$ cat coords_24.tsv   # TSV, C-alpha atoms and all ligand atoms
chain	number	residue	atom	x	y	z
A	429	MET	CA	12.55	26.01	3.61
A	430	ASN	CA	10.45	27.23	6.52
A	431	PRO	CA	9.07	24.61	8.90
A	432	ILE	CA	5.66	23.23	8.05
A	433	THR	CA	4.33	24.52	11.39
A	434	ALA	CA	4.78	28.08	10.03
A	435	PHE	CA	2.39	27.19	7.24
A	436	TYR	CA	-0.51	25.98	9.40
A	437	PRO	CA	-1.94	29.46	10.23
A	438	LEU	CA	-2.19	30.23	6.49
A	439	LEU	CA	-4.73	27.42	6.06
A	440	GLN	CA	-7.31	29.55	7.85
A	441	GLU	CA	-6.31	32.95	6.47
A	442	LYS	CA	-7.67	32.81	2.94
A	443	THR	CA	-9.29	30.60	0.35
A	444	ALA	CA	-6.47	29.40	-1.85
A	445	LYS	CA	-6.04	27.79	-5.24
A	446	VAL	CA	-4.09	24.63	-4.55
A	447	VAL	CA	-2.27	22.06	-6.64
A	448	ILE	CA	-1.23	18.81	-4.97
A	449	THR	CA	1.25	16.61	-6.77
A	450	CYS	CA	3.54	13.61	-6.31
A	451	HIS	CA	6.21	11.60	-8.15
A	452	GLN	CA	5.69	10.06	-11.60
A	453	LYS	CA	3.89	6.73	-11.76
A	454	PRO	CA	2.33	7.30	-8.32
A	455	ASP	CA	2.25	4.32	-5.97
A	456	GLY	CA	-0.15	3.75	-3.06
A	457	ASP	CA	1.64	6.24	-0.84
A	458	ALA	CA	1.84	8.96	-3.49
A	459	MET	CA	-1.79	8.63	-4.57
A	460	GLY	CA	-3.02	8.07	-1.00
A	461	SER	CA	-1.24	11.09	0.44
A	462	THR	CA	-2.23	13.50	-2.34
A	463	LEU	CA	-5.90	12.44	-2.24
A	464	ALA	CA	-6.07	12.52	1.57
A	465	LEU	CA	-4.69	16.06	1.57
A	466	TYR	CA	-7.15	16.97	-1.20
A	467	HIS	CA	-10.13	15.74	0.87
A	468	TYR	CA	-8.85	17.76	3.85
A	469	LEU	CA	-8.20	21.03	1.99
A	470	VAL	CA	-11.54	20.91	0.19
A	471	GLN	CA	-13.30	20.64	3.57
A	472	LEU	CA	-11.40	23.78	4.66
A	473	GLY	CA	-12.88	25.58	1.64
A	474	HIS	CA	-9.83	25.62	-0.63
A	475	GLU	CA	-9.98	25.03	-4.35
A	476	ALA	CA	-7.72	21.99	-4.68
A	477	THR	CA	-6.71	19.75	-7.59
A	478	VAL	CA	-4.45	16.72	-7.58
A	479	ILE	CA	-2.16	16.54	-10.61
A	480	SER	CA	-0.23	13.34	-11.29
A	481	PRO	CA	2.89	13.77	-13.47
A	482	THR	CA	1.98	10.59	-15.39
A	483	ASN	CA	-0.64	7.86	-15.49
A	484	TRP	CA	-0.97	5.40	-12.60
A	485	ALA	CA	-1.68	1.76	-11.85
A	486	ALA	CA	-5.26	0.54	-12.34
A	487	PHE	CA	-5.29	-0.94	-8.83
A	488	LEU	CA	-5.51	2.65	-7.48
A	489	ASN	CA	-8.65	3.51	-9.45
A	490	TRP	CA	-11.06	2.66	-6.61
A	491	MET	CA	-9.65	5.41	-4.39
A	492	PRO	CA	-12.06	8.17	-3.30
A	493	GLY	CA	-11.45	11.24	-5.47
A	494	VAL	CA	-9.24	9.54	-8.05
A	495	ASP	CA	-11.68	10.55	-10.80
A	496	THR	CA	-10.75	14.21	-10.18
A	497	VAL	CA	-6.99	13.63	-10.61
A	498	VAL	CA	-5.49	15.34	-13.66
A	499	ASP	CA	-2.89	13.30	-15.58
A	500	PHE	CA	-0.28	15.90	-16.61
A	501	GLU	CA	0.83	14.00	-19.71
A	502	ALA	CA	-2.74	13.47	-20.89
A	503	LYS	CA	-3.91	17.06	-20.19
A	504	ILE	CA	-0.81	19.24	-20.37
A	505	LYS	CA	-2.58	22.55	-21.12
A	506	GLN	CA	-5.09	22.20	-18.28
A	507	ALA	CA	-2.40	21.05	-15.84
A	508	GLU	CA	-0.01	23.87	-16.77
A	509	ALA	CA	-2.76	26.45	-16.25
A	510	LEU	CA	-3.59	25.01	-12.82
A	511	ILE	CA	0.09	25.07	-11.83
A	512	ALA	CA	0.58	28.64	-13.06
A	513	GLU	CA	-2.49	29.91	-11.16
A	514	ALA	CA	-1.92	28.03	-7.90
A	515	ASP	CA	-1.23	29.92	-4.65
A	516	TRP	CA	0.15	26.76	-3.07
A	517	LEU	CA	1.73	23.71	-4.67
A	518	PHE	CA	2.01	20.73	-2.34
A	519	CYS	CA	4.78	18.34	-3.37
A	520	LEU	CA	4.22	14.97	-1.75
A	521	ASP	CA	6.30	11.79	-1.61
A	522	PHE	CA	9.28	13.05	-3.63
A	523	ASN	CA	12.49	14.90	-2.79
A	524	THR	CA	13.62	16.46	-6.07
A	525	LEU	CA	11.51	18.12	-8.76
A	526	SER	CA	13.04	15.86	-11.42
A	527	ARG	CA	10.93	13.02	-9.98
A	528	THR	CA	7.97	14.70	-11.71
A	529	LYS	CA	9.51	14.12	-15.15
A	530	ARG	CA	7.92	16.34	-17.83
A	531	MET	CA	6.15	18.40	-15.17
A	532	GLU	CA	9.42	19.63	-13.66
A	533	THR	CA	9.70	22.81	-15.76
A	534	ALA	CA	6.18	24.01	-14.98
A	535	LEU	CA	6.60	23.19	-11.30
A	536	ALA	CA	9.92	25.01	-11.05
A	537	ALA	CA	8.46	28.10	-12.78
A	538	ALA	CA	5.34	28.24	-10.58
A	539	LYS	CA	4.72	31.59	-8.85
A	540	GLY	CA	2.93	30.09	-5.86
A	541	ASP	CA	4.62	28.66	-2.76
A	542	ARG	CA	5.86	25.09	-3.06
A	543	ILE	CA	5.34	23.04	0.09
A	544	LEU	CA	7.19	19.77	0.68
A	545	ILE	CA	5.89	16.79	2.66
A	546	ASP	CA	8.21	13.84	2.14
A	547	HIS	CA	10.24	11.04	3.71
A	548	HIS	CA	13.06	10.57	1.16
A	549	GLN	CA	16.70	11.43	1.78
A	550	GLU	CA	18.40	14.66	0.65
A	551	PRO	CA	15.44	16.85	-0.39
A	552	GLN	CA	15.99	19.91	-2.63
A	553	GLU	CA	15.19	22.23	0.29
A	554	HIS	CA	15.90	25.49	-1.54
A	555	MET	CA	13.00	24.79	-3.92
A	556	PHE	CA	10.40	24.90	-1.16
A	557	ALA	CA	8.92	27.81	0.82
A	558	TYR	CA	7.64	25.52	3.58
A	559	GLY	CA	7.99	21.87	4.27
A	560	ILE	CA	8.86	18.86	6.28
A	561	SER	CA	11.28	16.10	5.34
A	562	ASP	CA	11.55	13.20	7.75
A	563	THR	CA	13.24	9.96	6.68
A	564	GLY	CA	12.15	8.40	9.96
A	565	LYS	CA	8.53	8.36	8.81
A	566	SER	CA	6.97	5.16	7.46
A	567	SER	CA	5.22	6.93	4.62
A	568	THR	CA	4.10	10.28	3.29
A	569	CYS	CA	0.59	9.25	4.33
A	570	GLU	CA	1.74	9.18	7.95
A	571	MET	CA	3.09	12.71	7.45
A	572	VAL	CA	-0.18	13.95	5.91
A	573	TYR	CA	-1.96	12.49	8.93
A	574	ASP	CA	0.38	14.53	11.18
A	575	PHE	CA	-0.25	17.58	8.98
A	576	ILE	CA	-4.03	17.25	9.39
A	577	VAL	CA	-3.90	16.58	13.14
A	578	ASP	CA	-1.25	19.22	13.93
A	579	SER	CA	-3.06	21.89	11.90
A	580	GLY	CA	-6.19	21.24	13.95
A	581	GLY	CA	-8.20	19.12	11.52
A	582	SER	CA	-8.44	15.87	13.45
A	583	GLN	CA	-12.24	15.96	13.49
A	584	LEU	CA	-12.29	16.29	9.67
A	585	ILE	CA	-10.77	12.83	9.16
A	586	ASN	CA	-13.60	10.99	7.42
A	587	GLN	CA	-13.77	7.61	5.70
A	588	ALA	CA	-12.39	8.92	2.43
A	589	ILE	CA	-9.32	10.36	4.16
A	590	ALA	CA	-8.93	7.22	6.27
A	591	GLN	CA	-9.02	4.94	3.21
A	592	CYS	CA	-6.46	7.06	1.37
A	593	LEU	CA	-4.08	7.29	4.33
A	594	TYR	CA	-4.41	3.60	5.18
A	595	THR	CA	-3.50	2.69	1.58
A	596	GLY	CA	-0.19	4.56	1.65
A	597	VAL	CA	0.87	3.36	5.08
A	598	MET	CA	-0.02	-0.23	4.20
A	599	THR	CA	1.90	-0.20	0.92
A	600	ASP	CA	4.98	1.68	2.17
A	601	THR	CA	5.36	-0.50	5.29
A	602	GLY	CA	4.91	-3.81	3.43
A	603	SER	CA	1.62	-4.28	5.28
A	604	PHE	CA	3.00	-3.08	8.64
A	605	ARG	CA	6.05	-5.31	8.43
A	606	PHE	CA	9.06	-3.03	7.88
A	607	PRO	CA	11.00	-1.53	10.81
A	608	SER	CA	9.48	1.89	9.96
A	609	THR	CA	6.18	0.64	11.45
A	610	THR	CA	6.39	2.46	14.78
A	611	ALA	CA	3.98	2.59	17.71
A	612	SER	CA	2.78	5.95	16.34
A	613	VAL	CA	1.86	4.24	13.07
A	614	HIS	CA	-0.31	1.74	14.92
A	615	ARG	CA	-1.91	4.54	16.97
A	616	MET	CA	-2.70	6.41	13.77
A	617	ILE	CA	-4.27	3.28	12.23
A	618	ALA	CA	-6.42	2.86	15.36
A	619	HIS	CA	-7.66	6.44	14.88
A	620	LEU	CA	-8.36	5.85	11.16
A	621	LYS	CA	-10.27	2.65	11.97
A	622	GLU	CA	-12.61	4.67	14.17
A	623	THR	CA	-14.11	6.19	11.01
A	624	GLY	CA	-15.47	2.70	10.27
A	625	PHE	CA	-13.81	1.97	6.92
A	626	SER	CA	-13.00	-1.62	5.92
A	627	HIS	CA	-9.23	-2.22	5.82
A	628	SER	CA	-9.81	-5.68	4.29
A	629	LEU	CA	-11.47	-4.02	1.33
A	630	VAL	CA	-8.49	-1.70	0.87
A	631	HIS	CA	-6.19	-4.72	0.93
A	632	ASP	CA	-8.33	-6.52	-1.69
A	633	HIS	CA	-8.31	-3.49	-3.98
A	634	ILE	CA	-4.53	-3.14	-3.83
A	635	TYR	CA	-3.29	-6.73	-3.70
A	636	ASP	CA	-6.09	-8.94	-5.02
A	637	SER	CA	-7.38	-7.11	-8.07
A	638	PHE	CA	-4.99	-8.24	-10.81
A	639	LEU	CA	-5.74	-10.28	-13.90
A	640	GLU	CA	-4.47	-13.79	-14.61
A	641	ASN	CA	-1.77	-12.48	-16.96
A	642	ARG	CA	0.05	-10.76	-14.11
A	643	LEU	CA	0.35	-13.95	-12.05
A	644	ARG	CA	1.56	-15.88	-15.12
A	645	PHE	CA	4.10	-13.11	-15.71
A	646	ILE	CA	5.41	-13.37	-12.14
A	647	GLY	CA	5.76	-17.13	-12.62
A	648	HIS	CA	7.73	-16.55	-15.81
A	649	VAL	CA	10.02	-13.98	-14.20
A	650	LEU	CA	10.78	-16.10	-11.12
A	651	LEU	CA	11.40	-19.20	-13.23
A	652	ASN	CA	13.29	-17.75	-16.17
A	653	ARG	CA	14.52	-14.26	-15.34
A	654	MET	CA	15.78	-14.42	-11.75
A	655	GLU	CA	19.47	-14.83	-11.19
A	656	VAL	CA	20.55	-15.66	-7.63
A	657	ILE	CA	24.09	-14.60	-6.80
A	658	TYR	CA	24.63	-16.58	-3.61
A	659	GLU	CA	28.19	-15.38	-3.02
A	660	MET	CA	26.74	-11.86	-2.70
A	661	ASN	CA	23.42	-12.78	-1.05
A	662	THR	CA	21.75	-10.99	-3.95
A	663	ALA	CA	19.19	-11.74	-6.64
A	664	VAL	CA	18.62	-9.76	-9.82
A	665	MET	CA	15.87	-9.93	-12.45
A	666	ALA	CA	16.00	-8.35	-15.91
A	667	ILE	CA	12.74	-7.92	-17.82
A	668	SER	CA	12.81	-7.29	-21.55
A	669	LYS	CA	10.26	-5.46	-23.69
A	670	ALA	CA	9.37	-8.85	-25.21
A	671	ASP	CA	8.50	-10.18	-21.72
A	672	LEU	CA	6.20	-7.21	-21.09
A	673	TYR	CA	4.58	-7.61	-24.48
A	674	ARG	CA	4.10	-11.38	-24.20
A	675	PHE	CA	2.14	-11.06	-20.95
A	676	ASP	CA	0.40	-7.78	-21.83
A	677	ILE	CA	1.94	-6.01	-18.82
A	678	THR	CA	0.82	-2.45	-18.02
A	679	THR	CA	1.60	0.20	-15.38
A	680	GLY	CA	1.29	-1.34	-11.93
A	681	ASP	CA	1.63	-4.99	-12.96
A	682	THR	CA	5.34	-5.03	-12.04
A	683	GLU	CA	4.80	-3.36	-8.65
A	684	GLY	CA	6.05	-5.51	-5.78
A	685	LEU	CA	7.81	-8.04	-7.99
A	686	VAL	CA	11.21	-6.92	-6.72
A	687	ASN	CA	10.35	-8.12	-3.20
A	688	TYR	CA	9.98	-11.83	-4.05
A	689	PRO	CA	13.68	-12.84	-3.92
A	690	LEU	CA	13.98	-11.41	-0.39
A	691	SER	CA	11.93	-14.40	0.79
A	692	ILE	CA	14.87	-16.69	-0.09
A	693	GLN	CA	16.85	-17.55	3.03
A	694	GLY	CA	19.97	-15.43	3.31
A	695	ILE	CA	19.17	-13.03	0.45
A	696	LYS	CA	19.82	-9.45	1.56
A	697	MET	CA	19.36	-7.56	-1.67
A	698	ALA	CA	16.98	-7.86	-4.60
A	699	ALA	CA	17.10	-5.85	-7.81
A	700	ILE	CA	14.94	-5.66	-10.89
A	701	VAL	CA	15.49	-3.79	-14.11
A	702	ILE	CA	12.69	-3.29	-16.60
A	703	ASP	CA	13.12	-2.18	-20.19
A	704	ARG	CA	10.73	0.78	-20.42
A	705	ASP	CA	10.39	2.81	-23.60
A	706	GLU	CA	12.36	5.83	-22.48
A	707	GLU	CA	14.79	4.18	-20.03
A	708	ARG	CA	15.84	1.04	-18.19
A	709	LYS	CA	14.17	1.44	-14.79
A	710	TRP	CA	15.79	-0.14	-11.72
A	711	SER	CA	14.23	-1.02	-8.35
A	712	PHE	CA	16.32	-2.11	-5.39
A	713	ARG	CA	15.25	-3.63	-2.07
A	714	SER	CA	17.43	-4.71	0.84
A	715	LYS	CA	17.41	-5.89	4.39
A	716	GLY	CA	19.21	-4.50	7.44
A	717	ASP	CA	22.36	-2.46	6.84
A	718	VAL	CA	22.54	-2.87	3.08
A	719	ASP	CA	22.14	0.70	1.81
A	720	VAL	CA	20.52	0.58	-1.63
A	721	ASN	CA	19.76	4.33	-1.55
A	722	GLN	CA	23.48	5.06	-1.66
A	723	PHE	CA	24.01	2.34	-4.28
A	724	ALA	CA	21.24	3.73	-6.53
A	725	ARG	CA	22.60	7.26	-6.16
A	726	GLN	CA	26.17	6.29	-6.95
A	727	PHE	CA	25.61	3.99	-9.91
A	728	PHE	CA	22.08	4.38	-11.30
A	729	GLU	CA	21.13	8.09	-11.17
A	730	GLY	CA	18.58	7.32	-8.48
A	731	GLY	CA	17.90	7.23	-4.77
A	732	GLY	CA	15.09	6.60	-2.31
A	733	HIS	CA	15.39	5.01	1.10
A	734	LYS	CA	18.06	2.83	2.70
A	735	ASN	CA	16.10	-0.40	2.09
A	736	ALA	CA	14.04	0.64	-0.97
A	737	ALA	CA	15.36	2.69	-3.82
A	738	GLY	CA	15.10	3.14	-7.56
A	739	GLY	CA	17.24	4.30	-10.42
A	740	ARG	CA	17.57	4.42	-14.19
A	741	SER	CA	19.89	3.94	-17.11
A	742	SER	CA	19.89	5.08	-20.74
A	743	ASP	CA	22.04	2.08	-21.64
A	744	SER	CA	20.66	-1.16	-23.12
A	745	LEU	CA	19.14	-3.77	-20.83
A	746	GLU	CA	22.11	-6.04	-21.36
A	747	ASN	CA	24.68	-3.32	-20.61
A	748	THR	CA	22.99	-1.94	-17.52
A	749	LEU	CA	22.71	-5.50	-16.15
A	750	LYS	CA	26.44	-5.95	-16.84
A	751	HIS	CA	27.11	-2.69	-15.03
A	752	PHE	CA	25.11	-3.96	-12.04
A	753	HIS	CA	27.31	-7.06	-11.82
A	754	GLU	CA	30.45	-4.91	-12.09
A	755	VAL	CA	29.55	-2.50	-9.29
A	756	LEU	CA	27.82	-4.93	-6.92
A	757	GLY	CA	31.19	-5.56	-5.25
A	758	VAL	CA	31.06	-2.20	-3.43
A	759	LEU	CA	28.25	-3.62	-1.29
A	760	GLN	CA	30.22	-6.75	-0.41
A	761	PRO	CA	31.02	-5.69	3.18
A	762	GLN	CA	27.31	-5.05	3.82
A	763	LEU	CA	26.05	-8.11	1.94
A	764	ILE	CA	28.47	-10.66	3.36
A	765	GLY	CA	28.91	-11.02	7.07
B	1	LIG	P1	10.31	1.79	-6.52
B	1	LIG	O1	11.40	0.78	-6.64
B	1	LIG	O2	9.11	1.24	-5.81
B	1	LIG	O3	9.99	2.48	-7.80
B	1	LIG	O4	10.89	2.94	-5.58
B	1	LIG	C1	11.45	2.68	-4.33
B	1	LIG	C2	11.72	3.99	-3.63
B	1	LIG	O5	12.75	4.69	-4.31
B	1	LIG	C3	10.52	4.91	-3.60
B	1	LIG	O6	10.53	5.60	-2.38
B	1	LIG	C4	10.76	5.84	-4.75
B	1	LIG	O7	10.16	7.08	-4.53
B	1	LIG	C5	12.27	5.92	-4.82
B	1	LIG	N1	12.74	6.02	-6.21
B	1	LIG	C6	12.42	5.20	-7.25
B	1	LIG	N2	13.05	5.57	-8.37
B	1	LIG	C7	13.80	6.65	-8.06
B	1	LIG	C8	14.68	7.51	-8.82
B	1	LIG	O8	14.91	7.32	-10.02
B	1	LIG	N3	15.25	8.53	-8.13
B	1	LIG	C9	15.02	8.74	-6.79
B	1	LIG	N4	15.63	9.77	-6.19
B	1	LIG	N5	14.21	7.98	-6.06
B	1	LIG	C10	13.59	6.94	-6.68
B	2	MN	MN	6.40	6.93	0.10

$ encode --input "coords_24.tsv" --output "structure tokens"
Amino acid sequence: MNPITAFYPLLQEKTAKVVITCHQKPDGDAMGSTLALYHYLVQLGHEATVISPTNWAAFLNWMPGVDTVVDFEAKIKQAEALIAEADWLFCLDFNTLSRTKRMETALAAAKGDRILIDHHQEPQEHMFAYGISDTGKSSTCEMVYDFIVDSGGSQLINQAIAQCLYTGVMTDTGSFRFPSTTASVHRMIAHLKETGFSHSLVHDHIYDSFLENRLRFIGHVLLNRMEVIYEMNTAVMAISKADLYRFDITTGDTEGLVNYPLSIQGIKMAAIVIDRDEERKWSFRSKGDVDVNQFARQFFEGGGHKNAAGGRSSDSLENTLKHFHEVLGVLQPQLIG
């Protein structure tokens, strides 16, 4: 993988066909970073399209440009043609091609140059012609901001780009709360604010646009599905298909739920497993030195960041929860003390 700085001159050399993509079930950072880059490349005269590997949460539908995003699963033929014809394929907010699920084969076979911009650990470097991987960054949106500024496009940062970038930084830093929120992050936000966009409106779109059913569902989960394991400073929640069905839960409604138990005094790790059609999907969150990235990698075919990771299991909900209890002991030194 060549450094991203080697790619910058190419931006001015020709008009390229560009695909910009991210991980499946894009979150605020994935959708924000891909759309911000889209708005930048289009201004430079490139022919860009954002392709999402799957559908996404409804609370992202207000974002500028989201109506142009191609859902790979819904429009496979169109998406495959775009991927095959692309000169450049930007891969944002994921470290391994498998994070794009059914899109992986097409992406791996693409003739164009793949370019990585990501902040997850252990990227598949050999798959990328150019790129930057920096786990010290708060978000991929912060990295796209650097990409725009460092490639000379600072003056092209308009309201649309600012709204997209703000979304990803806000969601990935827990609203500027996590340790990853550096002085540079705040400087970047100051610059974005100068475009005049309303950050309160972005917050409302992301956090205050759910329906009643989602709040009732959270109440149900916290009351009836949360198990607190005090001797391990851990809480775990297991959500069945029946729970999802009863409260009419769709993509995005479960986002953020995993964080709630961390507000209990002393709790250092929170986990949630949700019975999805094709797999049991795990999310892990932790505080301080508790490394859930390593834990997800070792036991749940996953990964992510030290304090926020995900994983999966093909086992039943009951069995994967049992497995969680069995392996939790490896984290004991980090959780206790
Ligand atoms: P979430 O729990 O919000 O789905 O994901 C937390 C973090 O872990 C995100 O940065 C996400 O990209 C990453 N992540 C989630 N699931 C997986 C997975 O199955 N594999 C890997 N490598 N990373 C994941
Ligand atoms: Mn991210």

$ atom_distance --input "coords_24.tsv" --atom1 "atom CA of A:Ser603" --atom2 "atom CA of A:Gln471"
29.1 Å

$ closest_residue --input "coords_24.tsv" --among "A:Ser480, A:Asn523, A:Thr678, A:Thr748" --to "ligand MN 2 (chain B)" --atoms "only C-alpha atoms and all ligand atoms"
A:Asn523

$ atom_distance --input "coords_24.tsv" --atom1 "atom CA of A:Ile432" --atom2 "atom CA of A:Ser561"
9.5 Å

$ atom_distance --input "coords_24.tsv" --atom1 "atom CA of A:Gln587" --atom2 "atom CA of A:Trp516"
25.2 Å

$ closest_residue --input "coords_24.tsv" --among "A:Gly647, A:Pro689, A:Gly473, A:Gly460" --to "A:Lys442" --atoms "all atoms listed in the file"
A:Gly473

$ residues_near_ligand --input "coords_24.tsv" --ligand "ligand MN 2 (chain B)" --cutoff "7 Å" --atoms "all atoms listed in the file" --output "list in words"
Asp457, Ala458, Asp521, His547, Ser567, Thr568 and Asp600 of chain A

$ residues_around --input "coords_24.tsv" --residues "A:Phe712" --least-positions-apart "3" --cutoff "8 Å" --atoms "only C-alpha atoms" --output "ChimeraX atom specification"
/A:686,697-700,720,724,735-738

$ residues_near_ligand --input "coords_24.tsv" --ligand "ligand LIG 1 (chain B)" --cutoff "8 Å" --atoms "only C-alpha atoms and all ligand atoms" --output "ChimeraX atom specification"
/A:451,455,521-524,527,548,683-684,686,709-713,721,724-725,728-733,736-740

$ residues_near_point --input "coords_24.tsv" --point "(3.9, 15.1, -5.1)" --cutoff "9 Å" --atoms "only C-alpha atoms" --output "MDAnalysis selection string"
chainID A and resid 448:452 454 458:459 461:462 478:481 517:523 525 527:528 544:546

$ residues_around --input "coords_24.tsv" --residues "A:Ala502" --least-positions-apart "4" --cutoff "12 Å" --atoms "all atoms listed in the file" --output "ChimeraX atom specification"
/A:479-484,497-498,506-508,530-531

$ residues_around --input "coords_24.tsv" --residues "A:Asn747" --least-positions-apart "5" --cutoff "12 Å" --atoms "only C-alpha atoms" --output "list of chain:residue names"
A:Ala666, A:Val701, A:Asp703, A:Arg708, A:Ser741, A:Ser742, A:Phe752, A:His753, A:Glu754

$ residues_around --input "coords_24.tsv" --residues "A:Leu510" --least-positions-apart "3" --cutoff "9 Å" --atoms "only C-alpha atoms" --output "list in words"
Lys445, Val446, Val447, Thr477, Ile479, Lys505, Gln506, Ala507, Glu513 and Ala514 of chain A

$ write_last_selection --input "coords_24.tsv" --atoms "C-alpha atoms" --output "PDB file, keeping the file's coordinate frame"
ATOM      1  CA  LYS A 445      -6.040  27.790  -5.240  1.00  0.00           C
ATOM      2  CA  VAL A 446      -4.090  24.630  -4.550  1.00  0.00           C
ATOM      3  CA  VAL A 447      -2.270  22.060  -6.640  1.00  0.00           C
ATOM      4  CA  THR A 477      -6.710  19.750  -7.590  1.00  0.00           C
ATOM      5  CA  ILE A 479      -2.160  16.540 -10.610  1.00  0.00           C
ATOM      6  CA  LYS A 505      -2.580  22.550 -21.120  1.00  0.00           C
ATOM      7  CA  GLN A 506      -5.090  22.200 -18.280  1.00  0.00           C
ATOM      8  CA  ALA A 507      -2.400  21.050 -15.840  1.00  0.00           C
ATOM      9  CA  GLU A 513      -2.490  29.910 -11.160  1.00  0.00           C
ATOM     10  CA  ALA A 514      -1.920  28.030  -7.900  1.00  0.00           C
TER      11      ALA A 514
END

$ closest_residue --input "coords_24.tsv" --among "A:Ser582, A:Thr563, A:Gln591, A:Thr623" --to "A:Ser608" --atoms "all atoms listed in the file"
A:Thr563

$ closest_residue --input "coords_24.tsv" --among "A:Phe675, A:Tyr594, A:Tyr436, A:Phe604" --to "A:Val577" --atoms "all atoms listed in the file"
A:Tyr436

$ closest_residue --input "coords_24.tsv" --among "A:Glu659, A:Glu640, A:Glu570, A:Glu501" --to "A:Met598" --atoms "all atoms listed in the file"
A:Glu570

$ residues_around --input "coords_24.tsv" --residues "A:Ala538" --least-positions-apart "2" --cutoff "8 Å" --atoms "only C-alpha atoms" --output "list in words"
Ile511, Ala512, Ala514, Ala534, Leu535, Ala536, Gly540 and Asp541 of chain A

$ build_atoms --input "coords_24.tsv" --residues "stretch 457-462 of chain A" --atoms "all heavy atoms" --output "compact mmCIF listing (two decimals), keeping the file's coordinate frame"
# COMPACT_ATOMS: atom_id res chain seq x y z
N ASP A 457 1.34 5.14 -1.77
CA ASP A 457 1.64 6.24 -0.84
C ASP A 457 1.49 7.60 -1.52
O ASP A 457 0.97 8.54 -0.93
CB ASP A 457 3.06 6.07 -0.29
CG ASP A 457 3.34 7.00 0.88
OD1 ASP A 457 2.40 7.28 1.66
OD2 ASP A 457 4.49 7.45 1.01
N ALA A 458 1.93 7.69 -2.77
CA ALA A 458 1.84 8.96 -3.49
C ALA A 458 0.37 9.32 -3.76
O ALA A 458 -0.08 10.44 -3.49
CB ALA A 458 2.62 8.87 -4.80
N MET A 459 -0.38 8.36 -4.26
CA MET A 459 -1.79 8.63 -4.57
C MET A 459 -2.59 8.81 -3.28
O MET A 459 -3.45 9.69 -3.17
CB MET A 459 -2.37 7.48 -5.41
CG MET A 459 -3.72 7.79 -6.01
SD MET A 459 -3.72 9.22 -7.11
CE MET A 459 -3.57 8.43 -8.70
N GLY A 460 -2.29 7.98 -2.28
CA GLY A 460 -3.02 8.07 -1.00
C GLY A 460 -2.78 9.39 -0.30
O GLY A 460 -3.73 10.03 0.19
N SER A 461 -1.54 9.85 -0.28
CA SER A 461 -1.24 11.09 0.44
C SER A 461 -1.81 12.31 -0.27
O SER A 461 -2.36 13.22 0.36
CB SER A 461 0.28 11.24 0.67
OG SER A 461 0.97 11.22 -0.55
N THR A 462 -1.71 12.34 -1.61
CA THR A 462 -2.23 13.50 -2.34
C THR A 462 -3.76 13.57 -2.21
O THR A 462 -4.32 14.64 -1.97
CB THR A 462 -1.85 13.47 -3.83
OG1 THR A 462 -2.19 12.21 -4.38
CG2 THR A 462 -0.37 13.73 -4.04
